[in-house]
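Undergrad: One structure coming up, written as structure tokens, with questions to follow.
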Amino acid sequence: MSLLTTEDQIKRSSKQDLYESPDYYLLDELLTEEQKLIRSSVREFVKKEISPIIEEYAQQAKFPRHLVKKLGEIGAFGPTIPVEYGGGGLDYISYGIIMQELERGDSGIRSTASVQGSLVMYPIYAYGSEEQRRKYLPKLGSGEWLGCFGLTEPDFGSNPSGMITNIKDAGDHYILNGAKMWISNAPFADLAVVWAKDEQGIIRGMVVERGMEGFSTPETHNKWSLRASATGELVFDNVKVPKENVFPNVQGLKGPLGCLNQARYGIAWGALGAAMDCYDTALRYSKERVQFDKPIGAFQLQQKKLAEMITEITKGQLLVWRLGVLKSENRATAAQISMAKRNSVETALNIARDARQMLGGMGITGEYPIMRHMMNLESVVTYEGTHDIHLLVTGMDVTGFNAFK
């Protein structure tokens with residue numbers, strides 16, 4: 001089958017999205033009316049714009065570019081960035097809720113929003129000049145421009161400090177050389193936030209714009225995961241980067257790591273959205289699928305699976321809610337964020353696998369979202385810090401010993 005060429009050719013599913021979010025511990029009582037309103041609006045967007053098309057886009061390994069501006073319209077880009085710069089001016093629980101609802105639809109769509117808000121808009125706002133903020137943030141917030149984040153390299157993933165991408169001073173500009181890999185949004189991005197070492201070996205951040213000579217973004221193909229998300233490389237061949245494009249307010253690894261903390265926080269909420277969708281699907285199926293003259297939900301082993309799913313979801317919900325409170329108070333630590341990211345993704349993967357088993361053969365088809373979630377989560381458990389790296393972050397935090405080296 002040939003790839004579809006236009007959004008109009010993608011079939012919209014006629015199946016109704018019946019998703020209802022689980023709330024076993026009445027956590028809605030901890031949310032403000034504004035937060036619940038934000039959740040309702042994003043949930044409705046997912047049901048209307050994402051659910052009817054996402055299976056077909058994933059099957060075709062095609063990125064739904066038409067959703068970018070729509071995501072901007074609903075405030076999914078840079079929710080915590082001040083309104084004057086094109087953001088939403090919201091608290092961190094609201095940001096988490098948005099990511100949760102988007103990933104309930106698809107991890108790839110949440111990835112697009114996470115990259116745009118946490119890895120592109122955040123560093124421009126936190127580390128950039130006022131001129132950079134005014135130039136880039138409003139267009140990124142509205143979805144007019146799409147951005148990407150260049151840190152990971154072919155030989156340096158969990159050890160970003162070893163990067164070899166570099167800049168050399170050439171008077172009124174820098175010369176940028178190197179390559180980045182596994183970059184979400186890269187093939188269609190209008191700009192990239194890139195991290196490179198200067199001649200003193202200090203890591204610097206900068207904005208590289210589409211169209212700069214020597215800058216290319218080849219797409220990564222043949223993915224079995226995040227198939228509805230655009231992934232690519234960033235290649236820099238003697239790219240002239242104006243000095244005004246370099247961030248003036250940060251140097252060293254703390255720059256990109258600060259961005260990753262923002263993104264990891266969003267993933268902690270987002271992955272639970274995928275878990276909740278798998279649980280809701282399995283619960284609904286268990287009440288409808290009849291075997292041996294009764295619904296499979298009446299059997300002990302299926303109830304065991306469902307009971308464990310809702311228990312782990314509830315624990316995860318409490319964890320990210322508390323983290324959101326700490327984040328809004330500027331008290332959340334990087335180690336706390338690492339714990340939540342790792343826990344949420346592990347929870348989601350386990351729930352996806354159990355839910356897939358409950359659906360039997362139907363669980364591997366595009367008639368249900370579970371297999372797509374499961375494949376997506378195999379990327380989420382690796383990017384923004386692998387499962388094992390986050391375990392070591394927690395281990396170092398509680399023991400005081402660095403096991404990375």
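Each chain in the structure tokens gets a letter, A, B, ..., in the order shown, and its residues are numbered from 1; ligands are numbered from 1 in order too.
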List every residue of region 309-328 of chain A that has an atom at most 12 Å from any atom of region 272-275 of chain A, and for each one report the closest atom pair and its distance in Å to one decimal, counting only C-alpha atoms, with rows sorted by chain and then by increasing residue number, as a tab-separated table.
TA:
residue	atom	partner	partner_atom	distance
A:Met309	CA	A:Ala275	CA	8.3
A:Ile310	CA	A:Ala275	CA	9.4
A:Thr311	CA	A:Ala275	CA	11.6
A:Glu312	CA	A:Ala275	CA	9.4
A:Ile313	CA	A:Leu272	CA	6.9
A:Thr314	CA	A:Leu272	CA	9.6
A:Lys315	CA	A:Leu272	CA	10.4
A:Gly316	CA	A:Leu272	CA	7.1
A:Gln317	CA	A:Leu272	CA	7.5
A:Leu318	CA	A:Leu272	CA	11.1
A:Leu319	CA	A:Leu272	CA	10.7
A:Val320	CA	A:Leu272	CA	9.2
A:Trp321	CA	A:Leu272	CA	11.5
Undergrad: Within 12 Å of Asp397 (chain A), counting only C-alpha atoms, which residues qualify if same-chain residues fewer than 3 places away don't, as a PyMOL selection string?
TA: chain A and resi 333-339+390-394+400-403
Undergrad: Output as a Markdown table one row per residue of region 191-255 of chain A within 12 Å of region 180-187 of chain A: the closest atom pair and its distance in Å to one decimal place, counting only C-alpha atoms, sorted by chain and residue number ascending.
TA:
| residue | atom | partner | partner_atom | distance |
| --- | --- | --- | --- | --- |
| A:Leu191 | CA | A:Ala186 | CA | 8.6 |
| A:Ala192 | CA | A:Ala186 | CA | 7.8 |
| A:Val193 | CA | A:Ala186 | CA | 10.7 |
| A:Val194 | CA | A:Lys180 | CA | 8.7 |
| A:Trp195 | CA | A:Lys180 | CA | 9.4 |
| A:Ala196 | CA | A:Lys180 | CA | 10.0 |
| A:Val208 | CA | A:Ala186 | CA | 11.7 |
| A:Glu209 | CA | A:Ala186 | CA | 11.5 |
| A:Arg210 | CA | A:Ala186 | CA | 10.1 |
| A:Phe215 | CA | A:Ala186 | CA | 11.3 |
| A:Ser216 | CA | A:Pro187 | CA | 8.7 |
| A:Thr217 | CA | A:Pro187 | CA | 5.3 |
| A:Pro218 | CA | A:Pro187 | CA | 6.3 |
| A:Glu219 | CA | A:Pro187 | CA | 5.5 |
| A:Thr220 | CA | A:Trp182 | CA | 7.7 |
| A:His221 | CA | A:Trp182 | CA | 10.9 |
| A:Lys223 | CA | A:Trp182 | CA | 11.0 |
| A:Leu226 | CA | A:Ser184 | CA | 9.6 |
| A:Arg227 | CA | A:Ser184 | CA | 11.2 |
| A:Ala228 | CA | A:Asn185 | CA | 10.9 |
| A:Ser229 | CA | A:Ser184 | CA | 7.1 |
| A:Ala230 | CA | A:Asn185 | CA | 5.1 |
| A:Thr231 | CA | A:Ser184 | CA | 4.5 |
| A:Gly232 | CA | A:Ala186 | CA | 5.1 |
| A:Glu233 | CA | A:Met181 | CA | 4.6 |
| A:Leu234 | CA | A:Lys180 | CA | 4.9 |
| A:Val235 | CA | A:Lys180 | CA | 6.5 |
| A:Phe236 | CA | A:Lys180 | CA | 8.7 |
| A:Asp237 | CA | A:Lys180 | CA | 12.0 |
Undergrad: Could the residues in this selection be saved with N, CA and C atoms as a PDB file, in the first residue's frame?
TA:
ATOM      1  N   LEU A 191      12.520  25.679  13.214  1.00  0.00           N
ATOM      2  CA  LEU A 191      13.745  26.047  13.933  1.00  0.00           C
ATOM      3  C   LEU A 191      14.115  24.946  14.908  1.00  0.00           C
ATOM      4  N   ALA A 192      15.371  24.964  15.319  1.00  0.00           N
ATOM      5  CA  ALA A 192      15.868  23.976  16.279  1.00  0.00           C
ATOM      6  C   ALA A 192      16.618  24.684  17.393  1.00  0.00           C
ATOM      7  N   VAL A 193      16.349  24.289  18.629  1.00  0.00           N
ATOM      8  CA  VAL A 193      17.180  24.690  19.756  1.00  0.00           C
ATOM      9  C   VAL A 193      18.298  23.658  19.842  1.00  0.00           C
ATOM     10  N   VAL A 194      19.531  24.102  19.644  1.00  0.00           N
ATOM     11  CA  VAL A 194      20.673  23.195  19.501  1.00  0.00           C
ATOM     12  C   VAL A 194      21.700  23.468  20.596  1.00  0.00           C
ATOM     13  N   TRP A 195      22.288  22.383  21.090  1.00  0.00           N
ATOM     14  CA  TRP A 195      23.326  22.478  22.110  1.00  0.00           C
ATOM     15  C   TRP A 195      24.637  21.995  21.525  1.00  0.00           C
ATOM     16  N   ALA A 196      25.685  22.815  21.669  1.00  0.00           N
ATOM     17  CA  ALA A 196      26.991  22.511  21.076  1.00  0.00           C
ATOM     18  C   ALA A 196      28.085  23.061  21.980  1.00  0.00           C
ATOM     19  N   VAL A 208      18.764  27.598  15.692  1.00  0.00           N
ATOM     20  CA  VAL A 208      19.157  27.413  14.296  1.00  0.00           C
ATOM     21  C   VAL A 208      17.873  27.370  13.474  1.00  0.00           C
ATOM     22  N   GLU A 209      17.792  28.211  12.473  1.00  0.00           N
ATOM     23  CA  GLU A 209      16.560  28.341  11.703  1.00  0.00           C
ATOM     24  C   GLU A 209      16.612  27.551  10.404  1.00  0.00           C
ATOM     25  N   ARG A 210      15.443  27.011  10.038  1.00  0.00           N
ATOM     26  CA  ARG A 210      15.308  26.347   8.740  1.00  0.00           C
ATOM     27  C   ARG A 210      15.718  27.318   7.627  1.00  0.00           C
ATOM     28  N   PHE A 215      22.302  23.417   6.888  1.00  0.00           N
ATOM     29  CA  PHE A 215      21.440  22.807   7.905  1.00  0.00           C
ATOM     30  C   PHE A 215      20.400  21.933   7.216  1.00  0.00           C
ATOM     31  N   SER A 216      20.392  20.628   7.538  1.00  0.00           N
ATOM     32  CA  SER A 216      19.418  19.707   6.944  1.00  0.00           C
ATOM     33  C   SER A 216      18.820  18.807   8.018  1.00  0.00           C
ATOM     34  N   THR A 217      17.638  18.234   7.710  1.00  0.00           N
ATOM     35  CA  THR A 217      16.906  17.444   8.709  1.00  0.00           C
ATOM     36  C   THR A 217      16.361  16.159   8.089  1.00  0.00           C
ATOM     37  N   PRO A 218      17.227  15.207   7.743  1.00  0.00           N
ATOM     38  CA  PRO A 218      16.744  13.956   7.150  1.00  0.00           C
ATOM     39  C   PRO A 218      15.825  13.191   8.096  1.00  0.00           C
ATOM     40  N   GLU A 219      14.766  12.621   7.527  1.00  0.00           N
ATOM     41  CA  GLU A 219      13.764  11.918   8.337  1.00  0.00           C
ATOM     42  C   GLU A 219      14.201  10.495   8.655  1.00  0.00           C
ATOM     43  N   THR A 220      13.820  10.035   9.858  1.00  0.00           N
ATOM     44  CA  THR A 220      14.073   8.659  10.273  1.00  0.00           C
ATOM     45  C   THR A 220      12.879   7.795   9.887  1.00  0.00           C
ATOM     46  N   HIS A 221      13.126   6.735   9.127  1.00  0.00           N
ATOM     47  CA  HIS A 221      12.046   5.870   8.656  1.00  0.00           C
ATOM     48  C   HIS A 221      12.113   4.509   9.347  1.00  0.00           C
ATOM     49  N   LYS A 223      10.240   3.068  11.652  1.00  0.00           N
ATOM     50  CA  LYS A 223      10.005   2.977  13.096  1.00  0.00           C
ATOM     51  C   LYS A 223       8.813   2.064  13.373  1.00  0.00           C
ATOM     52  N   LEU A 226       6.040   5.273  17.904  1.00  0.00           N
ATOM     53  CA  LEU A 226       5.793   6.687  17.595  1.00  0.00           C
ATOM     54  C   LEU A 226       5.627   6.889  16.087  1.00  0.00           C
ATOM     55  N   ARG A 227       4.814   6.031  15.493  1.00  0.00           N
ATOM     56  CA  ARG A 227       4.678   6.050  14.039  1.00  0.00           C
ATOM     57  C   ARG A 227       3.916   7.271  13.528  1.00  0.00           C
ATOM     58  N   ALA A 228       3.111   7.895  14.384  1.00  0.00           N
ATOM     59  CA  ALA A 228       2.400   9.097  13.979  1.00  0.00           C
ATOM     60  C   ALA A 228       3.156  10.363  14.382  1.00  0.00           C
ATOM     61  N   SER A 229       4.416  10.200  14.753  1.00  0.00           N
ATOM     62  CA  SER A 229       5.268  11.330  15.126  1.00  0.00           C
ATOM     63  C   SER A 229       6.423  11.431  14.140  1.00  0.00           C
ATOM     64  N   ALA A 230       6.824  12.640  13.821  1.00  0.00           N
ATOM     65  CA  ALA A 230       7.937  12.849  12.890  1.00  0.00           C
ATOM     66  C   ALA A 230       9.250  12.853  13.652  1.00  0.00           C
ATOM     67  N   THR A 231      10.164  11.970  13.251  1.00  0.00           N
ATOM     68  CA  THR A 231      11.473  11.853  13.882  1.00  0.00           C
ATOM     69  C   THR A 231      12.548  12.010  12.818  1.00  0.00           C
ATOM     70  N   GLY A 232      13.648  12.658  13.166  1.00  0.00           N
ATOM     71  CA  GLY A 232      14.705  12.827  12.178  1.00  0.00           C
ATOM     72  C   GLY A 232      16.037  13.165  12.807  1.00  0.00           C
ATOM     73  N   GLU A 233      16.951  13.576  11.965  1.00  0.00           N
ATOM     74  CA  GLU A 233      18.275  14.012  12.388  1.00  0.00           C
ATOM     75  C   GLU A 233      18.406  15.514  12.165  1.00  0.00           C
ATOM     76  N   LEU A 234      19.397  16.094  12.811  1.00  0.00           N
ATOM     77  CA  LEU A 234      19.812  17.468  12.535  1.00  0.00           C
ATOM     78  C   LEU A 234      21.271  17.397  12.102  1.00  0.00           C
ATOM     79  N   VAL A 235      21.551  17.854  10.901  1.00  0.00           N
ATOM     80  CA  VAL A 235      22.911  17.799  10.371  1.00  0.00           C
ATOM     81  C   VAL A 235      23.397  19.220  10.120  1.00  0.00           C
ATOM     82  N   PHE A 236      24.570  19.537  10.662  1.00  0.00           N
ATOM     83  CA  PHE A 236      25.132  20.885  10.547  1.00  0.00           C
ATOM     84  C   PHE A 236      26.474  20.816   9.822  1.00  0.00           C
ATOM     85  N   ASP A 237      26.526  21.401   8.661  1.00  0.00           N
ATOM     86  CA  ASP A 237      27.733  21.394   7.840  1.00  0.00           C
ATOM     87  C   ASP A 237      28.176  22.836   7.608  1.00  0.00           C
TER      88      ASP A 237
END
Undergrad: Do a neighbour search on Lys70 (chain A) at 10 Å with only C-alpha atoms, toss out local chain neighbours closer than 3 positions, and write the hits as a compact mmCIF listing (two decimals) with all heavy atoms, in the first residue's frame.
TA:
# COMPACT_ATOMS: atom_id res chain seq x y z
N PHE A 45 -11.11 17.88 22.46
CA PHE A 45 -10.26 18.01 21.28
C PHE A 45 -9.72 16.65 20.84
O PHE A 45 -9.73 16.32 19.65
CB PHE A 45 -9.10 18.96 21.59
CG PHE A 45 -8.06 19.04 20.50
CD1 PHE A 45 -8.24 19.85 19.39
CD2 PHE A 45 -6.89 18.29 20.60
CE1 PHE A 45 -7.28 19.91 18.38
CE2 PHE A 45 -5.92 18.34 19.60
CZ PHE A 45 -6.12 19.15 18.49
N GLU A 49 -10.61 15.41 17.26
CA GLU A 49 -9.58 15.63 16.25
C GLU A 49 -8.53 14.51 16.17
O GLU A 49 -7.94 14.30 15.11
CB GLU A 49 -8.84 16.95 16.54
CG GLU A 49 -9.74 18.18 16.51
CD GLU A 49 -10.21 18.54 15.11
OE1 GLU A 49 -9.66 18.00 14.13
OE2 GLU A 49 -11.15 19.35 15.00
N ARG A 65 0.34 16.70 10.34
CA ARG A 65 0.83 18.08 10.46
C ARG A 65 -0.28 19.10 10.66
O ARG A 65 -0.07 20.16 11.26
CB ARG A 65 1.63 18.45 9.20
CG ARG A 65 2.94 17.70 9.06
CD ARG A 65 3.70 18.12 7.81
NE ARG A 65 4.13 19.51 7.85
CZ ARG A 65 4.78 20.12 6.87
NH1 ARG A 65 5.08 19.44 5.76
NH2 ARG A 65 5.16 21.38 6.98
N HIS A 66 -1.46 18.78 10.14
CA HIS A 66 -2.56 19.74 10.26
C HIS A 66 -2.98 19.98 11.71
O HIS A 66 -3.67 20.95 12.01
CB HIS A 66 -3.77 19.27 9.44
CG HIS A 66 -4.42 18.04 9.98
ND1 HIS A 66 -3.88 16.77 9.88
CD2 HIS A 66 -5.59 17.88 10.67
CE1 HIS A 66 -4.67 15.90 10.45
NE2 HIS A 66 -5.72 16.53 10.94
N LEU A 67 -2.55 19.08 12.62
CA LEU A 67 -2.91 19.25 14.03
C LEU A 67 -2.05 20.29 14.74
O LEU A 67 -2.42 20.74 15.83
CB LEU A 67 -2.80 17.91 14.77
CG LEU A 67 -3.82 16.82 14.43
CD1 LEU A 67 -3.55 15.58 15.28
CD2 LEU A 67 -5.25 17.33 14.66
N GLU A 73 -3.96 26.39 18.98
CA GLU A 73 -5.23 27.06 19.28
C GLU A 73 -5.81 26.66 20.63
O GLU A 73 -6.46 27.46 21.29
CB GLU A 73 -6.24 26.76 18.16
CG GLU A 73 -5.90 27.44 16.84
CD GLU A 73 -6.76 26.93 15.69
OE1 GLU A 73 -7.65 26.07 15.95
OE2 GLU A 73 -6.54 27.36 14.54
N ILE A 74 -5.59 25.40 21.04
CA ILE A 74 -6.14 24.96 22.33
C ILE A 74 -5.19 25.21 23.49
O ILE A 74 -5.48 24.86 24.63
CB ILE A 74 -6.55 23.48 22.30
CG1 ILE A 74 -5.32 22.57 22.14
CG2 ILE A 74 -7.59 23.22 21.22
CD1 ILE A 74 -5.61 21.11 22.45
N GLY A 75 -4.03 25.83 23.21
CA GLY A 75 -3.10 26.18 24.28
C GLY A 75 -2.20 25.06 24.73
O GLY A 75 -1.71 25.07 25.87
N ALA A 76 -1.94 24.08 23.85
CA ALA A 76 -1.10 22.94 24.22
C ALA A 76 0.38 23.25 24.14
O ALA A 76 1.20 22.47 24.63
CB ALA A 76 -1.42 21.74 23.32
N SER A 142 1.52 29.76 19.00
CA SER A 142 0.32 29.68 18.16
C SER A 142 0.34 28.47 17.24
O SER A 142 -0.68 28.10 16.65
CB SER A 142 0.20 30.94 17.30
OG SER A 142 1.24 30.98 16.33
N GLY A 143 1.50 27.83 17.10
CA GLY A 143 1.61 26.71 16.17
C GLY A 143 1.95 27.15 14.76
O GLY A 143 2.03 26.31 13.85
N GLU A 144 2.16 28.45 14.55
CA GLU A 144 2.58 28.91 13.23
C GLU A 144 3.95 28.33 12.88
O GLU A 144 4.21 27.97 11.73
CB GLU A 144 2.63 30.43 13.20
CG GLU A 144 3.05 31.01 11.85
CD GLU A 144 3.12 32.52 11.83
OE1 GLU A 144 2.60 33.16 12.78
OE2 GLU A 144 3.70 33.07 10.87
Undergrad: With distances taken over only C-alpha atoms, which residue among A:Pro52, A:Gly360, A:Gly96, A:Gly72 lies nearest Asp17 (chain A)?
TA: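 Selected residue with least distance to Asp17 (chain A): A:Pro52.
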Undergrad: Could you tell me which of A:Met396, A:Val345, A:Ile364, A:Leu359 comes closest to Thr382 (chain A) if we count only C-alpha atoms?
TA: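 Answer, going by the shortest atom-to-atom distance: A:Val345.
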Undergrad: Gly141 (chain A): which residues within 10 Å, counting only C-alpha atoms, same-chain residues fewer than 4 positions away excluded, as a list of chain:residue names?
TA: A:Lys69, A:Leu71, A:Gly72, A:Glu73, A:Gly75, A:Ala76, A:Phe77, A:Gly78, A:Pro79, A:Ile81, A:Val83, A:Tyr85, A:Gly86, A:Gly87, A:Gly88, A:Gln116, A:Gly117, A:Met121, A:Tyr136, A:Leu137, A:Trp145, A:Leu146
Undergrad: Find the residues around Glu378 (chain A) up to 12 Å (only C-alpha atoms counted), leave out those fewer than 6 positions away in its own chain, and share them as a CSV table (one decimal) with C-alpha atoms, in the first residue's frame.
TA:
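Dumped to out27.csv:
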chain,number,residue,atom,x,y,z
A,107,SER,CA,2.2,9.5,22.7
A,108,GLY,CA,3.5,11.0,19.4
A,223,LYS,CA,10.0,3.0,13.1
A,224,TRP,CA,7.8,0.5,14.9
A,225,SER,CA,7.1,3.1,17.6
A,226,LEU,CA,5.8,6.7,17.6
A,227,ARG,CA,4.7,6.1,14.0
A,271,ALA,CA,2.3,8.3,30.3
A,345,VAL,CA,6.1,4.9,32.1
A,346,GLU,CA,6.7,1.6,33.8
A,348,ALA,CA,1.8,2.4,31.6
A,349,LEU,CA,3.9,-0.3,29.9
A,350,ASN,CA,2.7,-3.0,32.4
A,352,ALA,CA,-0.7,-1.9,28.2
A,353,ARG,CA,0.7,-5.4,28.2
A,371,MET,CA,-1.0,-2.1,20.8
A,372,ARG,CA,-0.3,1.4,19.5
A,386,THR,CA,16.1,5.8,30.1
A,387,HIS,CA,14.4,3.7,32.7
Undergrad: How many Å separate CA of Tyr25 (chain A) from CA of Val381 (chain A)?
TA: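 Those two atoms sit 26.3 Å apart.
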Undergrad: Of the candidates A:Ala58, A:Leu253, A:Ala268, A:Ile370, which one gets nearest to Asn159 (chain A) if we count only C-alpha atoms?
TA: A:Leu253
Undergrad: Take CA of Ala179 (chain A) and CA of Lys254 (chain A) and report the distance between them in Å, one decimal.
TA: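 That distance, rounded to one decimal, is 20.5 Å.
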Undergrad: Quick check, in Å to one decimal: how far apart do CA of Ala298 (chain A) and CA of Ile351 (chain A) lie?
TA: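 One can read the CA of Ala298 (chain A) to CA of Ile351 (chain A) distance as 19.0 Å.
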Undergrad: Find the residue from A:Ser129, A:Asp169, A:Tyr24, A:His373 that sits nearest to Glu55 (chain A); use only C-alpha atoms when measuring.
TA: A:His373
Undergrad: Using DSSP on the backbone coordinates, identify the residues of region 56-220 of chain A assigned to alpha helix (DSSP H); present them as a ChimeraX atom specification.
TA: /A:56-59,67-73,92-105,107-114,122-127,130-142
Undergrad: Could you tell me which of A:Gln16, A:Thr165, A:Gln200, A:Asn376 comes closest to Ser111 (chain A) if we count only C-alpha atoms?
TA: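 Ranking A:Gln16, A:Thr165, A:Gln200, A:Asn376 by distance to Ser111 (chain A), first place goes to A:Asn376.
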Undergrad: Which of these, A:Tyr125, A:Phe63, A:Tyr265, A:Tyr57, has the shortest distance to Met99 (chain A) once you count only C-alpha atoms?
TA: A:Tyr265
